[in-house]
>>> print(open('target.cif').read())   # mmCIF, N, CA and C atoms and all ligand atoms
data_work
#
loop_
_atom_site.label_atom_id
_atom_site.label_comp_id
_atom_site.auth_asym_id
_atom_site.auth_seq_id
_atom_site.Cartn_x
_atom_site.Cartn_y
_atom_site.Cartn_z
N MET T 25 27.58 25.56 -18.99
CA MET T 25 27.39 24.16 -18.57
C MET T 25 26.45 23.48 -19.55
N SER T 26 26.83 22.33 -20.06
CA SER T 26 25.96 21.64 -21.01
C SER T 26 24.86 20.92 -20.25
N GLU T 27 23.80 20.61 -20.95
CA GLU T 27 22.67 19.92 -20.35
C GLU T 27 23.07 18.49 -19.99
N PRO T 28 22.52 17.96 -18.90
CA PRO T 28 22.82 16.58 -18.56
C PRO T 28 22.35 15.63 -19.69
N SER T 29 23.14 14.61 -19.95
CA SER T 29 22.77 13.63 -20.98
C SER T 29 21.64 12.76 -20.45
N ASP T 30 21.04 11.99 -21.34
CA ASP T 30 19.99 11.05 -20.91
C ASP T 30 20.53 10.12 -19.82
N ASP T 31 21.74 9.60 -20.03
CA ASP T 31 22.31 8.67 -19.04
C ASP T 31 22.48 9.35 -17.68
N GLU T 32 22.87 10.60 -17.70
CA GLU T 32 23.03 11.32 -16.43
C GLU T 32 21.69 11.54 -15.73
N VAL T 33 20.65 11.79 -16.51
CA VAL T 33 19.31 11.95 -15.92
C VAL T 33 18.86 10.63 -15.30
N PHE T 34 19.05 9.53 -16.03
CA PHE T 34 18.65 8.21 -15.50
C PHE T 34 19.42 7.90 -14.22
N ALA T 35 20.70 8.21 -14.19
CA ALA T 35 21.51 7.90 -13.01
C ALA T 35 21.11 8.77 -11.82
N HIS T 36 20.87 10.04 -12.10
CA HIS T 36 20.53 10.98 -11.04
C HIS T 36 19.18 10.63 -10.40
N PHE T 37 18.22 10.25 -11.24
CA PHE T 37 16.87 9.90 -10.74
C PHE T 37 16.67 8.39 -10.87
N HIS T 38 17.62 7.63 -10.33
CA HIS T 38 17.60 6.18 -10.51
C HIS T 38 16.35 5.52 -9.95
N ASP T 39 15.70 6.19 -8.99
CA ASP T 39 14.51 5.59 -8.38
C ASP T 39 13.21 6.20 -8.91
N VAL T 40 13.32 6.98 -9.98
CA VAL T 40 12.14 7.60 -10.60
C VAL T 40 11.94 6.95 -11.96
N ARG T 41 10.70 6.76 -12.33
CA ARG T 41 10.43 6.18 -13.63
C ARG T 41 10.53 7.27 -14.70
N ILE T 42 11.65 7.32 -15.36
CA ILE T 42 11.89 8.32 -16.39
C ILE T 42 11.49 7.73 -17.74
N ASP T 43 10.72 8.48 -18.50
CA ASP T 43 10.37 8.00 -19.84
C ASP T 43 10.49 9.14 -20.84
N HIS T 44 10.15 8.82 -22.08
CA HIS T 44 10.30 9.80 -23.14
C HIS T 44 9.50 11.07 -22.85
N ASP T 45 8.35 10.91 -22.19
CA ASP T 45 7.47 12.06 -21.97
C ASP T 45 7.91 12.96 -20.82
N ASN T 46 8.68 12.43 -19.88
CA ASN T 46 9.01 13.27 -18.72
C ASN T 46 10.50 13.58 -18.58
N ILE T 47 11.33 13.06 -19.47
CA ILE T 47 12.77 13.21 -19.27
C ILE T 47 13.20 14.69 -19.32
N ALA T 48 12.54 15.47 -20.17
CA ALA T 48 12.92 16.89 -20.25
C ALA T 48 12.62 17.60 -18.93
N HIS T 49 11.53 17.19 -18.30
CA HIS T 49 11.17 17.78 -17.01
C HIS T 49 12.27 17.49 -15.98
N TYR T 50 12.71 16.25 -15.93
CA TYR T 50 13.73 15.88 -14.94
C TYR T 50 15.10 16.46 -15.28
N ARG T 51 15.38 16.57 -16.56
CA ARG T 51 16.63 17.23 -16.97
C ARG T 51 16.61 18.68 -16.46
N GLY T 52 15.43 19.30 -16.55
CA GLY T 52 15.29 20.67 -16.06
C GLY T 52 15.51 20.76 -14.56
N LEU T 53 14.97 19.78 -13.82
CA LEU T 53 15.13 19.81 -12.36
C LEU T 53 16.61 19.79 -11.99
N MET T 54 17.40 19.03 -12.74
CA MET T 54 18.83 18.95 -12.43
C MET T 54 19.49 20.31 -12.55
N ALA T 55 18.92 21.16 -13.40
CA ALA T 55 19.48 22.50 -13.60
C ALA T 55 18.71 23.55 -12.81
N GLY T 56 17.80 23.13 -11.92
CA GLY T 56 17.05 24.09 -11.14
C GLY T 56 16.04 24.86 -11.97
N ARG T 57 15.50 24.20 -12.98
CA ARG T 57 14.47 24.84 -13.82
C ARG T 57 13.22 23.96 -13.80
N LEU T 58 12.08 24.58 -13.57
CA LEU T 58 10.82 23.84 -13.59
C LEU T 58 10.21 23.99 -14.99
N LEU T 59 10.25 22.89 -15.74
CA LEU T 59 9.79 22.89 -17.12
C LEU T 59 8.48 22.12 -17.25
N ILE T 60 7.52 22.71 -17.93
CA ILE T 60 6.24 22.08 -18.20
C ILE T 60 6.05 22.15 -19.72
N ASN T 61 5.51 21.08 -20.29
CA ASN T 61 5.29 21.09 -21.74
C ASN T 61 4.26 22.13 -22.13
N ARG T 62 4.56 22.83 -23.22
CA ARG T 62 3.63 23.81 -23.76
C ARG T 62 3.46 23.58 -25.25
N CYS T 63 2.22 23.69 -25.68
CA CYS T 63 1.91 23.45 -27.09
C CYS T 63 2.42 24.61 -27.95
N ASP T 64 3.17 24.26 -29.00
CA ASP T 64 3.69 25.29 -29.90
C ASP T 64 2.58 25.90 -30.75
N ALA T 65 1.53 25.11 -30.98
CA ALA T 65 0.47 25.56 -31.89
C ALA T 65 -0.52 26.49 -31.22
N CYS T 66 -0.97 26.13 -30.01
CA CYS T 66 -2.04 26.93 -29.40
C CYS T 66 -1.65 27.50 -28.04
N GLY T 67 -0.48 27.17 -27.53
CA GLY T 67 -0.01 27.78 -26.29
C GLY T 67 -0.48 27.10 -25.01
N THR T 68 -1.26 26.03 -25.12
CA THR T 68 -1.76 25.34 -23.93
C THR T 68 -0.61 24.70 -23.16
N TRP T 69 -0.65 24.85 -21.83
CA TRP T 69 0.31 24.17 -20.97
C TRP T 69 -0.23 22.79 -20.66
N ILE T 70 0.64 21.79 -20.62
CA ILE T 70 0.20 20.40 -20.53
C ILE T 70 0.87 19.71 -19.35
N TYR T 71 0.05 19.32 -18.38
CA TYR T 71 0.55 18.57 -17.24
C TYR T 71 -0.58 17.72 -16.72
N PRO T 72 -0.38 16.46 -16.34
CA PRO T 72 0.87 15.70 -16.33
C PRO T 72 1.55 15.64 -17.71
N HIS T 73 2.83 15.26 -17.67
CA HIS T 73 3.68 15.27 -18.86
C HIS T 73 3.10 14.39 -19.96
N ARG T 74 2.78 15.02 -21.07
CA ARG T 74 2.27 14.29 -22.23
C ARG T 74 2.86 14.92 -23.48
N PRO T 75 2.99 14.12 -24.52
CA PRO T 75 3.59 14.65 -25.75
C PRO T 75 2.56 15.24 -26.71
N LEU T 76 1.27 15.18 -26.32
CA LEU T 76 0.20 15.58 -27.22
C LEU T 76 -0.64 16.66 -26.56
N CYS T 77 -0.97 17.71 -27.31
CA CYS T 77 -1.81 18.78 -26.74
C CYS T 77 -3.25 18.32 -26.66
N PRO T 78 -3.87 18.37 -25.48
CA PRO T 78 -5.25 17.92 -25.36
C PRO T 78 -6.24 18.90 -25.97
N GLN T 79 -5.81 20.13 -26.24
CA GLN T 79 -6.70 21.13 -26.82
C GLN T 79 -6.79 21.02 -28.34
N CYS T 80 -5.62 20.93 -28.98
CA CYS T 80 -5.63 20.99 -30.45
C CYS T 80 -5.00 19.76 -31.08
N LEU T 81 -4.60 18.79 -30.26
CA LEU T 81 -4.04 17.52 -30.73
C LEU T 81 -2.74 17.67 -31.49
N SER T 82 -2.04 18.77 -31.26
CA SER T 82 -0.73 18.93 -31.88
C SER T 82 0.31 18.11 -31.11
N TRP T 83 1.25 17.53 -31.85
CA TRP T 83 2.36 16.82 -31.20
C TRP T 83 3.55 17.74 -30.98
N ASN T 84 3.41 18.99 -31.38
CA ASN T 84 4.52 19.93 -31.23
C ASN T 84 4.43 20.62 -29.87
N VAL T 85 5.05 20.01 -28.90
CA VAL T 85 5.07 20.61 -27.56
C VAL T 85 6.52 20.84 -27.16
N THR T 86 6.75 21.90 -26.40
CA THR T 86 8.09 22.27 -26.00
C THR T 86 8.15 22.42 -24.48
N PRO T 87 9.09 21.72 -23.83
CA PRO T 87 9.26 21.94 -22.39
C PRO T 87 9.64 23.40 -22.15
N THR T 88 8.85 24.09 -21.35
CA THR T 88 8.99 25.53 -21.19
C THR T 88 9.02 25.89 -19.70
N GLN T 89 9.91 26.79 -19.36
CA GLN T 89 10.05 27.17 -17.95
C GLN T 89 8.85 28.01 -17.50
N VAL T 90 8.32 27.67 -16.33
CA VAL T 90 7.19 28.43 -15.79
C VAL T 90 7.71 29.50 -14.82
N SER T 91 6.83 30.44 -14.51
CA SER T 91 7.23 31.58 -13.67
C SER T 91 7.49 31.16 -12.23
N GLY T 92 6.87 30.08 -11.80
CA GLY T 92 7.02 29.66 -10.41
C GLY T 92 6.00 30.29 -9.48
N LYS T 93 5.10 31.07 -10.04
CA LYS T 93 4.03 31.66 -9.23
C LYS T 93 2.80 30.76 -9.30
N GLY T 94 2.07 30.73 -8.18
CA GLY T 94 0.87 29.93 -8.20
C GLY T 94 0.08 30.11 -6.92
N ARG T 95 -0.94 29.26 -6.79
CA ARG T 95 -1.76 29.26 -5.58
C ARG T 95 -1.96 27.83 -5.13
N LEU T 96 -2.10 27.70 -3.82
CA LEU T 96 -2.32 26.36 -3.26
C LEU T 96 -3.74 25.93 -3.57
N TYR T 97 -3.88 24.97 -4.45
CA TYR T 97 -5.21 24.54 -4.87
C TYR T 97 -5.79 23.54 -3.88
N MET T 98 -5.00 22.54 -3.50
CA MET T 98 -5.44 21.61 -2.48
C MET T 98 -4.24 20.91 -1.87
N TYR T 99 -4.44 20.36 -0.70
CA TYR T 99 -3.35 19.65 -0.04
C TYR T 99 -3.94 18.60 0.88
N THR T 100 -3.09 17.65 1.22
CA THR T 100 -3.51 16.62 2.14
C THR T 100 -2.27 16.14 2.89
N PHE T 101 -2.50 15.38 3.93
CA PHE T 101 -1.39 14.79 4.67
C PHE T 101 -1.50 13.28 4.60
N ILE T 102 -0.42 12.66 4.21
CA ILE T 102 -0.40 11.21 4.09
C ILE T 102 0.17 10.65 5.39
N MET T 103 -0.62 9.83 6.05
CA MET T 103 -0.23 9.30 7.36
C MET T 103 0.37 7.91 7.27
N GLN T 104 0.16 7.26 6.14
CA GLN T 104 0.54 5.86 6.04
C GLN T 104 1.92 5.72 5.39
N SER T 105 2.77 4.95 6.01
CA SER T 105 4.09 4.70 5.44
C SER T 105 3.95 3.85 4.19
N ARG T 106 4.77 4.15 3.21
CA ARG T 106 4.77 3.33 2.00
C ARG T 106 5.72 2.15 2.18
N ASP T 107 6.70 2.34 3.04
CA ASP T 107 7.69 1.29 3.28
C ASP T 107 7.59 0.89 4.75
N PRO T 108 7.09 -0.34 5.03
CA PRO T 108 6.92 -0.74 6.43
C PRO T 108 8.22 -0.69 7.21
N GLY T 109 9.35 -0.79 6.51
CA GLY T 109 10.64 -0.74 7.18
C GLY T 109 11.05 0.67 7.58
N LYS T 110 10.37 1.67 6.99
CA LYS T 110 10.72 3.06 7.28
C LYS T 110 9.46 3.83 7.64
N PRO T 111 9.03 3.72 8.89
CA PRO T 111 7.81 4.44 9.28
C PRO T 111 8.00 5.95 9.11
N LEU T 112 6.94 6.60 8.74
CA LEU T 112 7.00 8.06 8.60
C LEU T 112 7.26 8.68 9.96
N ARG T 113 8.17 9.64 10.01
CA ARG T 113 8.43 10.34 11.26
C ARG T 113 7.34 11.37 11.52
N GLU T 114 6.78 11.88 10.44
CA GLU T 114 5.67 12.82 10.57
C GLU T 114 4.83 12.69 9.31
N PRO T 115 3.59 13.12 9.38
CA PRO T 115 2.75 13.02 8.18
C PRO T 115 3.39 13.73 6.99
N MET T 116 3.24 13.14 5.82
CA MET T 116 3.86 13.70 4.63
C MET T 116 2.81 14.54 3.89
N GLN T 117 3.20 15.76 3.54
CA GLN T 117 2.26 16.64 2.86
C GLN T 117 2.33 16.44 1.35
N ALA T 118 1.20 16.46 0.72
CA ALA T 118 1.15 16.48 -0.74
C ALA T 118 0.23 17.62 -1.14
N ALA T 119 0.65 18.39 -2.12
CA ALA T 119 -0.13 19.57 -2.50
C ALA T 119 -0.22 19.69 -4.01
N ALA T 120 -1.32 20.23 -4.46
CA ALA T 120 -1.46 20.58 -5.87
C ALA T 120 -1.40 22.10 -5.96
N ILE T 121 -0.46 22.57 -6.75
CA ILE T 121 -0.27 24.02 -6.92
C ILE T 121 -0.85 24.42 -8.27
N GLU T 122 -1.80 25.31 -8.24
CA GLU T 122 -2.31 25.81 -9.52
C GLU T 122 -1.37 26.90 -10.01
N LEU T 123 -0.66 26.60 -11.09
CA LEU T 123 0.35 27.53 -11.60
C LEU T 123 -0.32 28.72 -12.28
N ALA T 124 0.34 29.87 -12.17
CA ALA T 124 -0.23 31.12 -12.68
C ALA T 124 -0.41 31.10 -14.19
N GLU T 125 0.32 30.20 -14.87
CA GLU T 125 0.33 30.22 -16.33
C GLU T 125 -1.05 29.93 -16.94
N GLN T 126 -1.87 29.13 -16.23
CA GLN T 126 -3.10 28.69 -16.88
C GLN T 126 -4.07 28.13 -15.83
N PRO T 127 -5.34 28.51 -15.88
CA PRO T 127 -6.31 27.92 -14.96
C PRO T 127 -6.34 26.40 -15.13
N GLY T 128 -6.35 25.69 -14.02
CA GLY T 128 -6.42 24.23 -14.08
C GLY T 128 -5.08 23.55 -14.25
N LEU T 129 -4.00 24.31 -14.41
CA LEU T 129 -2.66 23.71 -14.55
C LEU T 129 -2.11 23.50 -13.15
N ARG T 130 -2.23 22.28 -12.66
CA ARG T 130 -1.91 22.01 -11.25
C ARG T 130 -0.75 21.04 -11.14
N TYR T 131 0.31 21.56 -10.54
CA TYR T 131 1.55 20.79 -10.41
C TYR T 131 1.60 20.15 -9.03
N LEU T 132 1.89 18.87 -8.98
CA LEU T 132 1.94 18.17 -7.70
C LEU T 132 3.29 18.42 -7.04
N SER T 133 3.25 18.93 -5.82
CA SER T 133 4.46 19.31 -5.13
C SER T 133 4.16 19.35 -3.64
N ARG T 134 4.80 20.25 -2.96
CA ARG T 134 4.47 20.46 -1.54
C ARG T 134 4.83 21.88 -1.15
N VAL T 135 4.27 22.31 -0.03
CA VAL T 135 4.54 23.66 0.46
C VAL T 135 5.50 23.54 1.63
N VAL T 136 6.58 24.29 1.58
CA VAL T 136 7.59 24.28 2.64
C VAL T 136 7.66 25.68 3.27
N ASN T 137 8.44 25.77 4.35
CA ASN T 137 8.60 27.05 5.06
C ASN T 137 7.26 27.62 5.49
N CYS T 138 6.35 26.73 5.88
CA CYS T 138 5.01 27.14 6.28
C CYS T 138 4.48 26.10 7.26
N PRO T 139 4.12 26.52 8.49
CA PRO T 139 3.55 25.54 9.42
C PRO T 139 2.25 24.97 8.87
N ALA T 140 1.98 23.72 9.19
CA ALA T 140 0.79 23.06 8.65
C ALA T 140 -0.47 23.87 8.94
N ALA T 141 -0.53 24.47 10.13
CA ALA T 141 -1.74 25.20 10.52
C ALA T 141 -1.93 26.47 9.68
N ALA T 142 -0.87 26.92 9.03
CA ALA T 142 -0.98 28.16 8.25
C ALA T 142 -1.33 27.89 6.79
N LEU T 143 -1.36 26.63 6.41
CA LEU T 143 -1.73 26.32 5.02
C LEU T 143 -3.18 26.74 4.80
N ALA T 144 -3.44 27.35 3.67
CA ALA T 144 -4.81 27.78 3.38
C ALA T 144 -5.05 27.65 1.88
N HIS T 145 -6.23 27.20 1.56
CA HIS T 145 -6.58 27.10 0.15
C HIS T 145 -6.45 28.46 -0.52
N ASP T 146 -5.92 28.43 -1.73
CA ASP T 146 -5.82 29.62 -2.56
C ASP T 146 -4.74 30.59 -2.09
N MET T 147 -3.92 30.19 -1.11
CA MET T 147 -2.86 31.11 -0.69
C MET T 147 -1.82 31.22 -1.81
N PRO T 148 -1.30 32.44 -2.03
CA PRO T 148 -0.29 32.62 -3.07
C PRO T 148 1.03 31.96 -2.65
N VAL T 149 1.62 31.24 -3.55
CA VAL T 149 2.89 30.57 -3.27
C VAL T 149 3.85 30.82 -4.43
N ALA T 150 5.11 30.61 -4.13
CA ALA T 150 6.14 30.80 -5.16
C ALA T 150 7.12 29.63 -5.10
N LEU T 151 7.67 29.34 -6.24
CA LEU T 151 8.60 28.21 -6.37
C LEU T 151 9.86 28.43 -5.54
N THR T 152 10.30 27.38 -4.89
CA THR T 152 11.60 27.38 -4.25
C THR T 152 12.18 25.98 -4.50
N TRP T 153 13.40 25.77 -4.05
CA TRP T 153 14.02 24.45 -4.28
C TRP T 153 14.49 23.89 -2.96
N ILE T 154 14.27 22.62 -2.76
CA ILE T 154 14.74 21.96 -1.55
C ILE T 154 15.71 20.86 -1.95
N GLU T 155 16.67 20.62 -1.08
CA GLU T 155 17.63 19.56 -1.36
C GLU T 155 17.31 18.36 -0.48
N GLU T 156 17.22 17.21 -1.10
CA GLU T 156 16.93 15.99 -0.37
C GLU T 156 17.80 14.89 -0.93
N ASN T 157 18.58 14.28 -0.08
CA ASN T 157 19.49 13.22 -0.50
C ASN T 157 20.33 13.65 -1.70
N GLY T 158 20.83 14.86 -1.65
CA GLY T 158 21.73 15.32 -2.69
C GLY T 158 21.06 15.71 -3.99
N ARG T 159 19.74 15.78 -3.99
CA ARG T 159 19.06 16.18 -5.22
C ARG T 159 18.18 17.38 -4.96
N LEU T 160 18.03 18.20 -6.00
CA LEU T 160 17.15 19.37 -5.91
C LEU T 160 15.74 18.98 -6.32
N TRP T 161 14.77 19.43 -5.53
CA TRP T 161 13.36 19.19 -5.88
C TRP T 161 12.61 20.51 -5.81
N PRO T 162 11.66 20.68 -6.72
CA PRO T 162 10.85 21.89 -6.66
C PRO T 162 9.86 21.81 -5.50
N ALA T 163 9.65 22.89 -4.83
CA ALA T 163 8.65 23.00 -3.78
C ALA T 163 8.13 24.43 -3.83
N PHE T 164 7.14 24.71 -3.03
CA PHE T 164 6.56 26.05 -3.04
C PHE T 164 6.51 26.58 -1.63
N GLN T 165 6.60 27.88 -1.49
CA GLN T 165 6.52 28.49 -0.17
C GLN T 165 5.60 29.70 -0.27
N PRO T 166 5.06 30.11 0.88
CA PRO T 166 4.18 31.28 0.85
C PRO T 166 4.90 32.44 0.17
N GLU T 167 4.18 33.12 -0.68
CA GLU T 167 4.77 34.24 -1.39
C GLU T 167 5.02 35.35 -0.35
N GLY T 168 6.17 35.99 -0.46
CA GLY T 168 6.54 37.03 0.49
C GLY T 168 5.43 38.04 0.70
N ASP T 169 5.47 38.72 1.82
CA ASP T 169 4.41 39.65 2.17
C ASP T 169 4.16 40.66 1.08
N ALA T 170 3.53 40.19 0.04
CA ALA T 170 3.16 41.12 -1.01
C ALA T 170 2.05 41.99 -0.45
N HIS T 171 1.61 42.94 -1.21
CA HIS T 171 0.65 43.91 -0.67
C HIS T 171 -0.73 43.28 -0.59
N GLY T 172 -1.16 43.05 0.57
CA GLY T 172 -2.50 42.60 0.72
C GLY T 172 -2.63 41.14 0.98
ZN ZN T 201 -2.39 22.92 -28.70
#
>>> encode(input="target.cif", output="structure tokens")
Amino acid sequence: MSEPSDDEVFAHFHDVRIDHDNIAHYRGLMAGRLLINRCDACGTWIYPHRPLCPQCLSWNVTPTQVSGKGRLYMYTFIMQSRDPGKPLREPMQAAAIELAEQPGLRYLSRVVNCPAAALAHDMPVALTWIEENGRLWPAFQPEGDAHG
């Protein structure tokens, strides 16, 4: 299967602001791959999406697939509707996942398959995919009963 074209990415994420810096990330989502920019020169992972390495100022960055392992760094519940015409049915969770690839590399997502009361800081989580309105989105769920 060939990669989606730019036009296909724009059409698929018509309500997302796609730009030169994040299009590779969204192209990856269409294929069920979570891609984060990584510096070719020094190996630093870069998020939010930027074309320049903050460590060594190299412009040579490559969207690179992450392992999907991480820990719940922080989370909150948003109670306020963004659209007055569509009140929230329940509080919306927002979470920052610290990815295993690098300390401080925190991807904004949410934790699913986990009751709100069971959310805990630093809990191990793993990437999963959820479908919403016909689109795949990355999310995280508690890592299976690993040892300990
Ligand atoms: Zn670098």
>>> residues_near_ligand(input="target.cif", ligand="ligand ZN 201 (chain T)", cutoff="8 Å", atoms="only C-alpha atoms and all ligand atoms", output="PyMOL selection string")
chain T and resi 62-68+76-82+84-85
>>> atom_distance(input="target.cif", atom1="atom C of T:Leu160", atom2="atom N of T:Ala55")
8.1 Å
>>> closest_residue(input="target.cif", among="T:Ser91, T:Ser133, T:Gln117, T:Ser26", to="T:Ala163", atoms="only C-alpha atoms")
T:Ser133
>>> closest_residue(input="target.cif", among="T:Val90, T:Met147, T:Met54, T:Ala48", to="T:Ala35", atoms="only C-alpha atoms")
T:Met54
>>> residues_near_point(input="target.cif", point="(11.2, 27.3, -4.1)", cutoff="6 Å", atoms="all atoms listed in the file", output="PyMOL selection string")
chain T and resi 150-154+162-165
>>> build_atoms(input="target.cif", residues="stretch 103-112 of chain T", atoms="all heavy atoms", output="PDB file, in the frame of the given file")
ATOM      1  N   MET T 103      -0.620   9.830   6.050  1.00  0.00           N
ATOM      2  CA  MET T 103      -0.230   9.300   7.360  1.00  0.00           C
ATOM      3  C   MET T 103       0.370   7.910   7.270  1.00  0.00           C
ATOM      4  O   MET T 103       0.975   7.426   8.211  1.00  0.00           O
ATOM      5  CB  MET T 103      -1.444   9.222   8.290  1.00  0.00           C
ATOM      6  CG  MET T 103      -2.367  10.413   8.247  1.00  0.00           C
ATOM      7  SD  MET T 103      -1.579  11.901   8.835  1.00  0.00           S
ATOM      8  CE  MET T 103      -2.366  12.075  10.417  1.00  0.00           C
ATOM      9  N   GLN T 104       0.160   7.260   6.140  1.00  0.00           N
ATOM     10  CA  GLN T 104       0.540   5.860   6.040  1.00  0.00           C
ATOM     11  C   GLN T 104       1.920   5.720   5.390  1.00  0.00           C
ATOM     12  O   GLN T 104       2.173   6.318   4.349  1.00  0.00           O
ATOM     13  CB  GLN T 104      -0.494   5.134   5.175  1.00  0.00           C
ATOM     14  CG  GLN T 104      -0.377   3.645   5.216  1.00  0.00           C
ATOM     15  CD  GLN T 104      -1.547   2.987   4.489  1.00  0.00           C
ATOM     16  OE1 GLN T 104      -2.146   3.577   3.596  1.00  0.00           O
ATOM     17  NE2 GLN T 104      -1.860   1.767   4.873  1.00  0.00           N
ATOM     18  N   SER T 105       2.770   4.950   6.010  1.00  0.00           N
ATOM     19  CA  SER T 105       4.090   4.700   5.440  1.00  0.00           C
ATOM     20  C   SER T 105       3.950   3.850   4.190  1.00  0.00           C
ATOM     21  O   SER T 105       3.133   2.950   4.128  1.00  0.00           O
ATOM     22  CB  SER T 105       4.969   3.950   6.432  1.00  0.00           C
ATOM     23  OG  SER T 105       5.098   4.677   7.615  1.00  0.00           O
ATOM     24  N   ARG T 106       4.770   4.150   3.210  1.00  0.00           N
ATOM     25  CA  ARG T 106       4.770   3.330   2.000  1.00  0.00           C
ATOM     26  C   ARG T 106       5.720   2.150   2.180  1.00  0.00           C
ATOM     27  O   ARG T 106       5.583   1.132   1.535  1.00  0.00           O
ATOM     28  CB  ARG T 106       5.183   4.165   0.799  1.00  0.00           C
ATOM     29  CG  ARG T 106       4.133   5.219   0.474  1.00  0.00           C
ATOM     30  CD  ARG T 106       4.658   6.225  -0.503  1.00  0.00           C
ATOM     31  NE  ARG T 106       4.881   5.641  -1.820  1.00  0.00           N
ATOM     32  CZ  ARG T 106       5.480   6.288  -2.802  1.00  0.00           C
ATOM     33  NH1 ARG T 106       5.903   7.506  -2.625  1.00  0.00           N
ATOM     34  NH2 ARG T 106       5.659   5.710  -3.962  1.00  0.00           N
ATOM     35  N   ASP T 107       6.700   2.340   3.040  1.00  0.00           N
ATOM     36  CA  ASP T 107       7.690   1.290   3.280  1.00  0.00           C
ATOM     37  C   ASP T 107       7.590   0.890   4.750  1.00  0.00           C
ATOM     38  O   ASP T 107       7.937   1.681   5.630  1.00  0.00           O
ATOM     39  CB  ASP T 107       9.083   1.824   2.953  1.00  0.00           C
ATOM     40  CG  ASP T 107      10.172   0.792   3.212  1.00  0.00           C
ATOM     41  OD1 ASP T 107       9.863  -0.281   3.789  1.00  0.00           O
ATOM     42  OD2 ASP T 107      11.323   1.073   2.837  1.00  0.00           O
ATOM     43  N   PRO T 108       7.090  -0.340   5.030  1.00  0.00           N
ATOM     44  CA  PRO T 108       6.920  -0.740   6.430  1.00  0.00           C
ATOM     45  C   PRO T 108       8.220  -0.690   7.210  1.00  0.00           C
ATOM     46  O   PRO T 108       8.217  -0.545   8.437  1.00  0.00           O
ATOM     47  CB  PRO T 108       6.415  -2.190   6.331  1.00  0.00           C
ATOM     48  CG  PRO T 108       6.033  -2.409   4.918  1.00  0.00           C
ATOM     49  CD  PRO T 108       6.738  -1.372   4.079  1.00  0.00           C
ATOM     50  N   GLY T 109       9.350  -0.790   6.510  1.00  0.00           N
ATOM     51  CA  GLY T 109      10.640  -0.740   7.180  1.00  0.00           C
ATOM     52  C   GLY T 109      11.050   0.670   7.580  1.00  0.00           C
ATOM     53  O   GLY T 109      11.993   0.868   8.325  1.00  0.00           O
ATOM     54  N   LYS T 110      10.370   1.670   6.990  1.00  0.00           N
ATOM     55  CA  LYS T 110      10.720   3.060   7.280  1.00  0.00           C
ATOM     56  C   LYS T 110       9.460   3.830   7.640  1.00  0.00           C
ATOM     57  O   LYS T 110       8.879   4.511   6.790  1.00  0.00           O
ATOM     58  CB  LYS T 110      11.363   3.704   6.037  1.00  0.00           C
ATOM     59  CG  LYS T 110      12.797   3.288   5.791  1.00  0.00           C
ATOM     60  CD  LYS T 110      13.397   4.172   4.709  1.00  0.00           C
ATOM     61  CE  LYS T 110      14.141   3.348   3.675  1.00  0.00           C
ATOM     62  NZ  LYS T 110      14.242   4.016   2.377  1.00  0.00           N
ATOM     63  N   PRO T 111       9.030   3.720   8.890  1.00  0.00           N
ATOM     64  CA  PRO T 111       7.810   4.440   9.280  1.00  0.00           C
ATOM     65  C   PRO T 111       8.000   5.950   9.110  1.00  0.00           C
ATOM     66  O   PRO T 111       9.107   6.464   9.288  1.00  0.00           O
ATOM     67  CB  PRO T 111       7.628   4.086  10.752  1.00  0.00           C
ATOM     68  CG  PRO T 111       8.742   3.183  11.128  1.00  0.00           C
ATOM     69  CD  PRO T 111       9.679   3.030   9.979  1.00  0.00           C
ATOM     70  N   LEU T 112       6.940   6.600   8.740  1.00  0.00           N
ATOM     71  CA  LEU T 112       7.000   8.060   8.600  1.00  0.00           C
ATOM     72  C   LEU T 112       7.260   8.680   9.960  1.00  0.00           C
ATOM     73  O   LEU T 112       6.638   8.324  10.945  1.00  0.00           O
ATOM     74  CB  LEU T 112       5.670   8.588   8.060  1.00  0.00           C
ATOM     75  CG  LEU T 112       5.332   8.323   6.604  1.00  0.00           C
ATOM     76  CD1 LEU T 112       3.958   8.901   6.289  1.00  0.00           C
ATOM     77  CD2 LEU T 112       6.363   8.945   5.690  1.00  0.00           C
TER      78      LEU T 112
END
